[in-house]
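K.L.:
Got a file for you: upload07.csv, CSV, C-alpha atoms.
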```
chain,number,residue,atom,x,y,z
A,1,ALA,CA,277.7,159.6,-24.1
A,2,TYR,CA,279.2,156.6,-22.5
A,3,GLU,CA,278.7,152.9,-23.5
A,4,ILE,CA,277.4,151.0,-20.6
A,5,LEU,CA,279.0,147.6,-20.0
A,6,THR,CA,276.3,144.9,-19.5
A,7,CYS,CA,276.7,141.3,-18.6
A,8,ASP,CA,274.7,138.2,-19.3
A,9,TRP,CA,274.8,136.3,-16.1
A,10,SER,CA,274.0,133.0,-17.8
A,11,SER,CA,277.1,133.2,-20.1
A,12,ASP,CA,280.3,131.3,-19.4
A,13,VAL,CA,282.4,134.4,-19.8
A,14,CYS,CA,280.4,136.1,-17.1
A,15,SER,CA,280.7,133.3,-14.6
A,16,SER,CA,284.4,132.6,-15.2
A,17,ASP,CA,285.6,136.2,-15.3
A,18,LEU,CA,283.0,137.8,-13.0
A,19,HIS,CA,285.6,139.0,-10.4
A,20,ARG,CA,287.9,140.5,-13.1
A,21,ILE,CA,285.0,142.3,-14.9
A,22,GLY,CA,283.6,143.6,-11.7
A,23,TRP,CA,286.9,145.3,-10.9
A,24,LEU,CA,287.1,146.6,-14.5
A,25,CYS,CA,283.6,148.0,-14.1
A,26,ARG,CA,284.5,149.7,-10.9
A,27,ILE,CA,287.7,151.3,-12.3
A,28,GLY,CA,285.8,152.4,-15.4
A,29,ALA,CA,283.1,154.0,-13.3
A,30,ILE,CA,285.7,155.9,-11.3
A,31,LEU,CA,287.3,157.2,-14.4
A,32,ILE,CA,284.0,158.3,-15.8
A,33,LEU,CA,283.1,160.1,-12.6
A,34,LEU,CA,286.5,161.8,-12.6
A,35,GLY,CA,286.0,162.9,-16.1
A,36,LEU,CA,282.6,164.3,-15.3
A,37,CYS,CA,283.9,166.2,-12.3
A,38,ALA,CA,286.7,167.7,-14.4
A,39,GLN,CA,284.2,168.8,-17.0
A,40,THR,CA,282.1,170.4,-14.3
A,41,ALA,CA,285.1,172.3,-13.0
A,42,LEU,CA,285.8,173.6,-16.5
A,43,ASN,CA,282.3,175.1,-16.6
A,44,GLU,CA,282.5,176.8,-13.2
A,45,PRO,CA,284.4,179.9,-12.0
A,46,PHE,CA,287.9,179.4,-10.7
A,47,GLY,CA,288.1,176.1,-12.5
A,48,LEU,CA,286.6,174.4,-9.4
A,49,ALA,CA,283.8,171.8,-9.4
A,50,THR,CA,280.7,172.5,-7.3
A,51,VAL,CA,278.3,170.2,-5.5
A,52,ALA,CA,274.8,171.0,-4.3
A,53,ALA,CA,274.7,172.4,-0.8
A,54,ALA,CA,272.5,170.9,1.9
A,55,PRO,CA,269.0,172.3,1.4
A,56,HIS,CA,268.6,173.4,5.0
A,57,ASP,CA,271.9,175.0,5.7
A,58,ARG,CA,272.1,178.7,6.4
A,59,TRP,CA,273.3,179.7,2.9
A,60,SER,CA,270.3,177.9,1.3
A,61,ALA,CA,268.0,179.9,3.6
A,62,ILE,CA,269.8,183.1,2.8
A,63,TRP,CA,269.6,182.5,-1.0
A,64,MET,CA,265.9,181.5,-0.8
A,65,ARG,CA,265.1,184.9,0.7
A,66,LEU,CA,267.5,186.9,-1.4
A,67,GLY,CA,266.7,185.1,-4.6
A,68,TYR,CA,263.0,185.8,-4.1
A,69,ASP,CA,263.7,189.5,-3.4
A,70,ILE,CA,265.9,189.7,-6.5
A,71,ALA,CA,263.1,188.2,-8.7
A,72,ALA,CA,260.6,190.6,-7.2
A,73,ASP,CA,262.9,193.6,-7.9
A,74,LEU,CA,263.4,192.5,-11.5
A,75,ALA,CA,259.7,192.3,-12.0
A,76,ALA,CA,259.3,195.8,-10.6
A,77,VAL,CA,262.1,197.0,-12.9
A,78,ALA,CA,260.4,195.4,-15.9
A,79,ARG,CA,257.2,197.2,-15.0
A,80,CYS,CA,259.1,200.5,-14.8
A,81,ARG,CA,260.7,199.9,-18.2
A,82,THR,CA,257.3,199.4,-19.9
A,83,GLU,CA,255.5,202.2,-17.8
A,84,SER,CA,258.3,204.7,-17.3
A,85,VAL,CA,256.0,207.7,-16.9
A,86,SER,CA,254.0,206.1,-14.0
A,87,CYS,CA,257.0,204.3,-12.4
A,88,GLY,CA,256.8,205.2,-8.7
A,89,SER,CA,260.1,203.7,-7.7
A,90,PRO,CA,263.2,205.9,-7.8
A,91,ALA,CA,265.3,202.9,-6.9
A,92,ALA,CA,264.0,201.0,-9.9
A,93,GLN,CA,264.8,204.0,-12.1
A,94,ARG,CA,268.2,204.2,-10.7
A,95,PHE,CA,268.7,200.4,-11.3
A,96,ILE,CA,267.7,200.9,-14.9
A,97,GLY,CA,270.2,203.7,-15.3
A,98,LEU,CA,273.0,201.4,-14.0
A,99,VAL,CA,272.1,198.7,-16.5
A,100,ASP,CA,271.8,201.2,-19.3
A,101,HIS,CA,275.4,202.1,-18.8
A,102,GLY,CA,276.2,198.8,-20.5
A,103,ALA,CA,273.5,198.9,-23.2
A,104,PRO,CA,275.6,200.2,-26.0
A,105,TYR,CA,278.2,197.4,-25.5
A,106,GLN,CA,278.3,193.7,-25.8
A,107,GLY,CA,280.0,190.9,-23.8
A,108,PHE,CA,283.0,191.9,-21.7
A,109,ASP,CA,282.6,195.6,-22.4
A,110,ARG,CA,279.0,195.5,-21.1
A,111,ILE,CA,280.1,193.7,-18.0
A,112,ARG,CA,282.9,196.2,-17.4
A,113,HIS,CA,280.6,199.3,-17.8
A,114,ILE,CA,277.9,197.9,-15.5
A,115,ASN,CA,280.4,196.9,-12.9
A,116,ARG,CA,281.9,200.4,-12.9
A,117,ALA,CA,278.5,202.1,-12.6
A,118,VAL,CA,277.5,199.9,-9.7
A,119,ASN,CA,280.8,200.4,-7.9
A,120,LEU,CA,280.3,204.1,-8.0
A,121,THR,CA,276.7,204.2,-6.9
A,122,LEU,CA,276.8,203.3,-3.2
A,123,ARG,CA,278.5,204.6,-0.2
A,124,ILE,CA,280.5,201.9,1.4
A,125,ARG,CA,279.2,201.1,4.9
A,126,GLU,CA,279.1,197.7,6.6
A,127,GLN,CA,275.6,196.1,6.7
A,128,PRO,CA,274.4,193.5,9.2
A,129,ALA,CA,272.4,191.5,6.6
A,130,TRP,CA,271.7,190.9,2.9
A,131,THR,CA,269.2,193.2,1.3
A,132,SER,CA,267.6,193.3,-2.1
A,133,PRO,CA,269.1,195.4,-5.0
A,134,LEU,CA,266.3,198.0,-4.9
A,135,ALA,CA,266.5,198.3,-1.1
A,136,ALA,CA,270.2,198.8,-1.3
A,137,LEU,CA,269.8,201.5,-4.0
A,138,ALA,CA,267.1,203.2,-1.9
A,139,ALA,CA,269.4,203.3,1.1
A,140,GLY,CA,272.3,204.5,-1.0
A,141,GLU,CA,274.9,202.5,0.9
A,142,GLY,CA,276.1,199.0,1.5
A,143,ASP,CA,279.0,196.6,1.7
A,144,CYS,CA,280.0,193.7,-0.5
A,145,LYS,CA,276.7,192.0,0.0
A,146,GLN,CA,274.7,194.8,-1.4
A,147,TYR,CA,277.1,195.4,-4.3
A,148,ALA,CA,276.9,191.7,-5.2
A,149,ALA,CA,273.1,191.6,-5.1
A,150,ILE,CA,272.8,194.6,-7.4
A,151,LYS,CA,275.4,193.3,-9.8
A,152,TYR,CA,273.8,189.8,-9.9
A,153,ALA,CA,270.4,191.4,-10.8
A,154,ALA,CA,272.0,193.9,-13.2
A,155,MET,CA,273.7,191.1,-15.2
A,156,LEU,CA,270.4,189.2,-15.6
A,157,ASP,CA,268.6,192.4,-16.5
A,158,GLY,CA,271.4,193.3,-18.9
A,159,GLY,CA,270.8,190.2,-21.0
A,160,PHE,CA,273.2,187.6,-19.6
A,161,ALA,CA,271.7,184.1,-19.3
A,162,PRO,CA,271.0,182.8,-15.7
A,163,ASP,CA,273.4,180.0,-16.2
A,164,ASP,CA,276.2,182.5,-16.9
A,165,VAL,CA,275.8,184.5,-13.7
A,166,ARG,CA,276.9,183.5,-10.2
A,167,LEU,CA,276.8,185.3,-6.8
A,168,ILE,CA,279.8,183.9,-4.9
A,169,VAL,CA,280.6,184.1,-1.2
A,170,GLY,CA,284.0,183.3,0.1
A,171,SER,CA,286.9,184.7,2.1
A,172,ILE,CA,289.8,187.1,1.7
A,173,PRO,CA,292.8,187.4,4.0
A,174,PRO,CA,292.9,187.3,7.0
A,175,GLY,CA,289.7,185.2,6.8
A,176,THR,CA,287.1,187.9,6.3
A,177,GLY,CA,283.9,187.1,4.5
A,178,HIS,CA,283.5,188.6,1.0
A,179,ALA,CA,281.0,188.5,-1.9
A,180,VAL,CA,281.6,188.9,-5.6
A,181,VAL,CA,279.7,188.2,-8.8
A,182,ALA,CA,281.0,185.9,-11.6
A,183,VAL,CA,279.8,186.4,-15.2
A,184,ARG,CA,280.6,184.2,-18.2
A,185,SER,CA,281.1,185.8,-21.6
A,186,ALA,CA,282.5,184.0,-24.6
A,187,GLY,CA,283.2,181.0,-22.4
A,188,ILE,CA,285.3,183.0,-19.9
A,189,TRP,CA,284.4,183.7,-16.3
A,190,PHE,CA,285.0,187.2,-15.1
A,191,ILE,CA,284.8,188.5,-11.5
A,192,LEU,CA,283.1,191.7,-10.5
A,193,ASP,CA,284.4,193.0,-7.1
A,194,ASN,CA,283.2,196.2,-5.4
A,195,ARG,CA,286.9,196.8,-4.3
A,196,SER,CA,288.0,197.4,-7.9
A,197,LEU,CA,286.8,198.9,-11.1
A,198,ASP,CA,288.8,196.3,-13.0
A,199,VAL,CA,287.1,193.1,-14.2
A,200,VAL,CA,289.4,190.2,-14.3
A,201,ARG,CA,289.2,186.5,-15.2
A,202,SER,CA,288.4,184.2,-12.3
A,203,GLU,CA,291.7,182.4,-12.5
A,204,ALA,CA,293.5,185.8,-12.1
A,205,PHE,CA,291.4,186.9,-9.1
A,206,ALA,CA,294.0,186.4,-6.4
A,207,ALA,CA,293.6,186.1,-2.6
A,208,PHE,CA,290.0,185.0,-2.7
A,209,THR,CA,288.8,181.5,-1.5
A,210,PRO,CA,285.4,180.8,-3.0
A,211,LEU,CA,283.0,178.8,-0.7
A,212,TYR,CA,279.5,178.9,-2.1
A,213,ALA,CA,277.8,179.9,-5.4
A,214,PHE,CA,274.3,181.2,-5.6
A,215,ASP,CA,272.5,181.0,-9.0
A,216,SER,CA,269.4,179.8,-10.8
A,217,ARG,CA,270.1,176.2,-9.7
A,218,GLY,CA,270.2,177.2,-6.0
A,219,VAL,CA,273.2,177.0,-3.7
A,220,ARG,CA,276.3,175.0,-4.6
A,221,ARG,CA,279.4,174.5,-2.6
A,222,PHE,CA,282.8,174.7,-4.2
A,223,ALA,CA,284.9,171.5,-4.0
A,224,PRO,CA,287.2,170.5,-2.4
A,225,PRO,CA,285.7,171.4,0.9
A,226,VAL,CA,287.2,174.4,2.6
A,227,ALA,CA,286.7,176.2,5.9
A,228,GLU,CA,283.3,177.6,6.7
A,229,LEU,CA,282.8,181.4,6.1
A,230,PRO,CA,283.1,183.1,9.5
A,231,GLY,CA,279.8,185.1,9.8
A,232,GLN,CA,278.4,187.9,7.7
A,233,PRO,CA,280.8,190.9,7.7
A,234,CYS,CA,282.5,192.2,4.6
A,235,ALA,CA,285.8,193.9,4.2
A,236,GLY,CA,284.2,196.8,2.4
```
Please, can you express the file's structure as structure tokens?
P.N.:
Amino acid sequence: AYEILTCDWSSDVCSSDLHRIGWLCRIGAILILLGLCAQTALNEPFGLATVAAAPHDRWSAIWMRLGYDIAADLAAVARCRTESVSCGSPAAQRFIGLVDHGAPYQGFDRIRHINRAVNLTLRIREQPAWTSPLAALAAGEGDCKQYAAIKYAAMLDGGFAPDDVRLIVGSIPPGTGHAVVAVRSAGIWFILDNRSLDVVRSEAFAAFTPLYAFDSRGVRRFAPPVAELPGQPCAG
């Protein structure tokens, strides 16, 4: 909480020192904003602050569709969990099996086991567009987009809070688009990448420039601004 400086415009102090106090107020406001930005950065993957993306840009449109599909898939998975005998979705059953790989574990170990299971479940093949987790599992193939969508949903289904899970798009050398998932456990952000079975802290995830984060808040852009992601393709 911050104490707000107020001024009685009728007082002698206010009239005589208005200019000086005005500048002090401006400086104080800047310092407060810088502090808030720094705090935001500490709470985000890679130690970078984020700002809300424009509501009508292409990433917001992509996440609106994909987020809806993920929510629908998770509802279908929940029905299959409660009615396993009558579950008519092999993809939902396969998804449940992936999440159950992490069930005996907690925190980082749960993340690591689910990440490994998802990485080993699809054939790598470049896809022209994002698809839902269950659609990707039904197809049995995908690229970084499909892996990331499955992992994002699996982390939520595996018990991680929505505020602790991000689907992040960015770029890898030499400027290729890539997607990963970030999960926070015990205050530490870990990165799940389809190119590796290892799960590393975000600050140790080298050669990746994060651009946008998708989560329960919507789409947020990493600051400071960086180059726009060049199209849809993944490196694999």
K.L.:
Choose the residue, out of A:Gly97, A:Pro173, A:Pro133, A:Pro104, that has the smallest atom-to-atom separation from Ala206 (chain A); count all atoms listed in the file.
P.N.:
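Between A:Gly97, A:Pro173, A:Pro133, A:Pro104, the residue approaching Ala206 (chain A) most closely is A:Pro173.
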K.L.:
So, counting all atoms listed in the file, which residue among A:Ala139, A:Ile150, A:Cys234, A:Ala129 is closest to Ala179 (chain A)?
P.N.:
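Answer, going by the shortest atom-to-atom distance: A:Cys234.
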K.L.:
Need to verify the contact set: Gly159 (chain A), 10 Å, all atoms listed in the file, exclusion of same-chain residues closer than 4 positions in sequence. Can you return it as a list in words?
P.N.:
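The contact residues come out as Val99, Ala103, Gln106, Gly107, Arg110, Ala154 and Met155 of chain A.
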K.L.:
Counting all atoms listed in the file, note down every residue that has an atom within 12 Å of the point (279.4, 193.5, -9.7) (file coordinates), as a PDB file with C-alpha atoms, keeping the file's coordinate frame.
P.N.:
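As written to disk, point-v2.pdb reads:
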```
ATOM      1  CA  LEU A  98     273.000 201.400 -14.000  1.00  0.00           C
ATOM      2  CA  VAL A  99     272.100 198.700 -16.500  1.00  0.00           C
ATOM      3  CA  ARG A 110     279.000 195.500 -21.100  1.00  0.00           C
ATOM      4  CA  ILE A 111     280.100 193.700 -18.000  1.00  0.00           C
ATOM      5  CA  ARG A 112     282.900 196.200 -17.400  1.00  0.00           C
ATOM      6  CA  HIS A 113     280.600 199.300 -17.800  1.00  0.00           C
ATOM      7  CA  ILE A 114     277.900 197.900 -15.500  1.00  0.00           C
ATOM      8  CA  ASN A 115     280.400 196.900 -12.900  1.00  0.00           C
ATOM      9  CA  ARG A 116     281.900 200.400 -12.900  1.00  0.00           C
ATOM     10  CA  ALA A 117     278.500 202.100 -12.600  1.00  0.00           C
ATOM     11  CA  VAL A 118     277.500 199.900  -9.700  1.00  0.00           C
ATOM     12  CA  ASN A 119     280.800 200.400  -7.900  1.00  0.00           C
ATOM     13  CA  LEU A 120     280.300 204.100  -8.000  1.00  0.00           C
ATOM     14  CA  THR A 121     276.700 204.200  -6.900  1.00  0.00           C
ATOM     15  CA  PRO A 133     269.100 195.400  -5.000  1.00  0.00           C
ATOM     16  CA  ASP A 143     279.000 196.600   1.700  1.00  0.00           C
ATOM     17  CA  CYS A 144     280.000 193.700  -0.500  1.00  0.00           C
ATOM     18  CA  LYS A 145     276.700 192.000   0.000  1.00  0.00           C
ATOM     19  CA  GLN A 146     274.700 194.800  -1.400  1.00  0.00           C
ATOM     20  CA  TYR A 147     277.100 195.400  -4.300  1.00  0.00           C
ATOM     21  CA  ALA A 148     276.900 191.700  -5.200  1.00  0.00           C
ATOM     22  CA  ALA A 149     273.100 191.600  -5.100  1.00  0.00           C
ATOM     23  CA  ILE A 150     272.800 194.600  -7.400  1.00  0.00           C
ATOM     24  CA  LYS A 151     275.400 193.300  -9.800  1.00  0.00           C
ATOM     25  CA  TYR A 152     273.800 189.800  -9.900  1.00  0.00           C
ATOM     26  CA  ALA A 153     270.400 191.400 -10.800  1.00  0.00           C
ATOM     27  CA  ALA A 154     272.000 193.900 -13.200  1.00  0.00           C
ATOM     28  CA  MET A 155     273.700 191.100 -15.200  1.00  0.00           C
ATOM     29  CA  LEU A 156     270.400 189.200 -15.600  1.00  0.00           C
ATOM     30  CA  VAL A 165     275.800 184.500 -13.700  1.00  0.00           C
ATOM     31  CA  ARG A 166     276.900 183.500 -10.200  1.00  0.00           C
ATOM     32  CA  LEU A 167     276.800 185.300  -6.800  1.00  0.00           C
ATOM     33  CA  ILE A 168     279.800 183.900  -4.900  1.00  0.00           C
ATOM     34  CA  ALA A 179     281.000 188.500  -1.900  1.00  0.00           C
ATOM     35  CA  VAL A 180     281.600 188.900  -5.600  1.00  0.00           C
ATOM     36  CA  VAL A 181     279.700 188.200  -8.800  1.00  0.00           C
ATOM     37  CA  ALA A 182     281.000 185.900 -11.600  1.00  0.00           C
ATOM     38  CA  VAL A 183     279.800 186.400 -15.200  1.00  0.00           C
ATOM     39  CA  PHE A 190     285.000 187.200 -15.100  1.00  0.00           C
ATOM     40  CA  ILE A 191     284.800 188.500 -11.500  1.00  0.00           C
ATOM     41  CA  LEU A 192     283.100 191.700 -10.500  1.00  0.00           C
ATOM     42  CA  ASP A 193     284.400 193.000  -7.100  1.00  0.00           C
ATOM     43  CA  ASN A 194     283.200 196.200  -5.400  1.00  0.00           C
ATOM     44  CA  ARG A 195     286.900 196.800  -4.300  1.00  0.00           C
ATOM     45  CA  SER A 196     288.000 197.400  -7.900  1.00  0.00           C
ATOM     46  CA  LEU A 197     286.800 198.900 -11.100  1.00  0.00           C
ATOM     47  CA  ASP A 198     288.800 196.300 -13.000  1.00  0.00           C
ATOM     48  CA  VAL A 199     287.100 193.100 -14.200  1.00  0.00           C
ATOM     49  CA  VAL A 200     289.400 190.200 -14.300  1.00  0.00           C
TER      50      VAL A 200
END
```
K.L.:
Can you work out the spacing between CA of Arg220 (chain A) and CA of Ala71 (chain A) in Å, to one decimal?
P.N.:
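One can read the CA of Arg220 (chain A) to CA of Ala71 (chain A) distance as 19.1 Å.
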K.L.:
Enter the distance from CA of Leu122 (chain A) to CA of Trp59 (chain A), in Å, rounded to one decimal.
P.N.:
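Separation between CA of Leu122 (chain A) and CA of Trp59 (chain A): 24.6 Å.
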K.L.:
What is the CA of Val219 (chain A) to CA of Asn43 (chain A) distance in Å?
P.N.:
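Rounded to one decimal, the two atoms are 15.9 Å apart.
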K.L.:
When distances are computed from only C-alpha atoms, which of A:Trp130, A:Arg81, A:Asp163, A:Phe222 shows the smallest separation from Gly67 (chain A)?
P.N.:
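Residue with the minimum atom-to-atom distance to Gly67 (chain A): A:Trp130.
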K.L.:
Using only C-alpha atoms, which of A:Asp157, A:Pro128, A:Phe46, A:Ser60 sits nearest Asp100 (chain A)?
P.N.:
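Smallest separation from Asp100 (chain A) among the options: A:Asp157.
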K.L.:
Counting only C-alpha atoms, what is within 8 Å of Leu66 (chain A), bar same-chain residues fewer than 3 positions away, as a list in words?
P.N.:
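Using only C-alpha atoms, the neighbours found are Ile62, Trp63, Asp69, Ile70, Trp130, Thr131 and Ser132 of chain A.
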K.L.:
A:Ala92, A:Gly158, A:Thr82, A:Arg221: which is nearest Tyr105 (chain A), counting all atoms listed in the file?
P.N.:
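The shortest atom-to-atom distance to Tyr105 (chain A) comes from A:Gly158.
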K.L.:
Which of these residues is nearest to Pro55 (chain A), using all atoms listed in the file: A:Ala204, A:Gly218, A:Ala223, A:Ala138?
P.N.:
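Among the listed residues, A:Gly218 lies closest to Pro55 (chain A).
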K.L.:
How would region 39-64 of chain A read, as an mmCIF file, in the frame of the given file, once N, CA, C and O atoms are built in?
P.N.:
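The result, stored in part-v8.cif:
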```
data_model
loop_
_atom_site.group_PDB
_atom_site.id
_atom_site.type_symbol
_atom_site.label_atom_id
_atom_site.label_comp_id
_atom_site.auth_asym_id
_atom_site.auth_seq_id
_atom_site.Cartn_x
_atom_site.Cartn_y
_atom_site.Cartn_z
ATOM 1 N N GLN A 39 284.999 168.006 -16.103
ATOM 2 C CA GLN A 39 284.200 168.800 -17.000
ATOM 3 C C GLN A 39 283.404 169.848 -16.266
ATOM 4 O O GLN A 39 283.291 170.997 -16.702
ATOM 5 N N THR A 40 282.822 169.441 -15.119
ATOM 6 C CA THR A 40 282.100 170.400 -14.300
ATOM 7 C C THR A 40 282.966 171.536 -13.876
ATOM 8 O O THR A 40 282.580 172.697 -13.887
ATOM 9 N N ALA A 41 284.198 171.222 -13.465
ATOM 10 C CA ALA A 41 285.100 172.300 -13.000
ATOM 11 C C ALA A 41 285.410 173.254 -14.130
ATOM 12 O O ALA A 41 285.530 174.452 -13.883
ATOM 13 N N LEU A 42 285.529 172.758 -15.364
ATOM 14 C CA LEU A 42 285.800 173.600 -16.500
ATOM 15 C C LEU A 42 284.661 174.626 -16.716
ATOM 16 O O LEU A 42 284.866 175.715 -17.240
ATOM 17 N N ASN A 43 283.450 174.257 -16.320
ATOM 18 C CA ASN A 43 282.300 175.100 -16.600
ATOM 19 C C ASN A 43 281.983 176.039 -15.413
ATOM 20 O O ASN A 43 281.024 176.797 -15.479
ATOM 21 N N GLU A 44 282.766 175.990 -14.351
ATOM 22 C CA GLU A 44 282.500 176.800 -13.200
ATOM 23 C C GLU A 44 283.622 177.846 -12.997
ATOM 24 O O GLU A 44 284.749 177.650 -13.453
ATOM 25 N N PRO A 45 283.305 178.961 -12.299
ATOM 26 C CA PRO A 45 284.400 179.900 -12.000
ATOM 27 C C PRO A 45 285.499 179.330 -11.215
ATOM 28 O O PRO A 45 285.297 178.382 -10.450
ATOM 29 N N PHE A 46 286.670 179.861 -11.407
ATOM 30 C CA PHE A 46 287.900 179.400 -10.700
ATOM 31 C C PHE A 46 288.343 178.039 -11.096
ATOM 32 O O PHE A 46 289.283 177.510 -10.519
ATOM 33 N N GLY A 47 287.689 177.405 -12.073
ATOM 34 C CA GLY A 47 288.100 176.100 -12.500
ATOM 35 C C GLY A 47 287.825 175.025 -11.394
ATOM 36 O O GLY A 47 288.456 173.962 -11.398
ATOM 37 N N LEU A 48 286.898 175.298 -10.486
ATOM 38 C CA LEU A 48 286.600 174.400 -9.400
ATOM 39 C C LEU A 48 285.215 173.768 -9.598
ATOM 40 O O LEU A 48 284.264 174.457 -9.973
ATOM 41 N N ALA A 49 285.112 172.478 -9.342
ATOM 42 C CA ALA A 49 283.800 171.800 -9.400
ATOM 43 C C ALA A 49 282.943 172.271 -8.238
ATOM 44 O O ALA A 49 283.446 172.725 -7.204
ATOM 45 N N THR A 50 281.637 172.180 -8.397
ATOM 46 C CA THR A 50 280.700 172.500 -7.300
ATOM 47 C C THR A 50 279.754 171.335 -7.096
ATOM 48 O O THR A 50 279.484 170.548 -8.006
ATOM 49 N N VAL A 51 279.261 171.242 -5.874
ATOM 50 C CA VAL A 51 278.300 170.200 -5.500
ATOM 51 C C VAL A 51 277.111 170.947 -4.830
ATOM 52 O O VAL A 51 277.298 172.018 -4.227
ATOM 53 N N ALA A 52 275.926 170.381 -4.925
ATOM 54 C CA ALA A 52 274.800 171.000 -4.300
ATOM 55 C C ALA A 52 274.930 171.095 -2.803
ATOM 56 O O ALA A 52 275.350 170.141 -2.144
ATOM 57 N N ALA A 53 274.620 172.254 -2.249
ATOM 58 C CA ALA A 53 274.700 172.400 -0.800
ATOM 59 C C ALA A 53 273.496 171.783 -0.140
ATOM 60 O O ALA A 53 272.469 171.522 -0.777
ATOM 61 N N ALA A 54 273.623 171.504 1.142
ATOM 62 C CA ALA A 54 272.500 170.900 1.900
ATOM 63 C C ALA A 54 271.317 171.884 1.840
ATOM 64 O O ALA A 54 271.485 173.106 2.006
ATOM 65 N N PRO A 55 270.113 171.380 1.596
ATOM 66 C CA PRO A 55 269.000 172.300 1.400
ATOM 67 C C PRO A 55 268.555 173.069 2.606
ATOM 68 O O PRO A 55 267.850 174.070 2.473
ATOM 69 N N HIS A 56 268.996 172.659 3.794
ATOM 70 C CA HIS A 56 268.600 173.400 5.000
ATOM 71 C C HIS A 56 269.694 174.093 5.703
ATOM 72 O O HIS A 56 269.532 174.515 6.854
ATOM 73 N N ASP A 57 270.839 174.263 5.026
ATOM 74 C CA ASP A 57 271.900 175.000 5.700
ATOM 75 C C ASP A 57 271.621 176.511 5.589
ATOM 76 O O ASP A 57 270.706 176.952 4.904
ATOM 77 N N ARG A 58 272.419 177.321 6.290
ATOM 78 C CA ARG A 58 272.100 178.700 6.400
ATOM 79 C C ARG A 58 272.241 179.465 5.066
ATOM 80 O O ARG A 58 271.509 180.427 4.800
ATOM 81 N N TRP A 59 273.148 178.998 4.189
ATOM 82 C CA TRP A 59 273.300 179.700 2.900
ATOM 83 C C TRP A 59 272.118 179.402 1.990
ATOM 84 O O TRP A 59 271.704 180.272 1.228
ATOM 85 N N SER A 60 271.549 178.213 2.075
ATOM 86 C CA SER A 60 270.300 177.900 1.300
ATOM 87 C C SER A 60 269.190 178.803 1.765
ATOM 88 O O SER A 60 268.399 179.300 0.950
ATOM 89 N N ALA A 61 269.095 179.012 3.078
ATOM 90 C CA ALA A 61 268.000 179.900 3.600
ATOM 91 C C ALA A 61 268.242 181.319 3.177
ATOM 92 O O ALA A 61 267.288 182.021 2.803
ATOM 93 N N ILE A 62 269.496 181.776 3.217
ATOM 94 C CA ILE A 62 269.800 183.100 2.800
ATOM 95 C C ILE A 62 269.427 183.332 1.308
ATOM 96 O O ILE A 62 268.787 184.314 0.919
ATOM 97 N N TRP A 63 269.828 182.361 0.462
ATOM 98 C CA TRP A 63 269.600 182.500 -1.000
ATOM 99 C C TRP A 63 268.086 182.371 -1.289
ATOM 100 O O TRP A 63 267.594 183.003 -2.229
ATOM 101 N N MET A 64 267.360 181.592 -0.514
ATOM 102 C CA MET A 64 265.900 181.500 -0.800
ATOM 103 C C MET A 64 265.254 182.843 -0.598
ATOM 104 O O MET A 64 264.435 183.256 -1.426
#
```
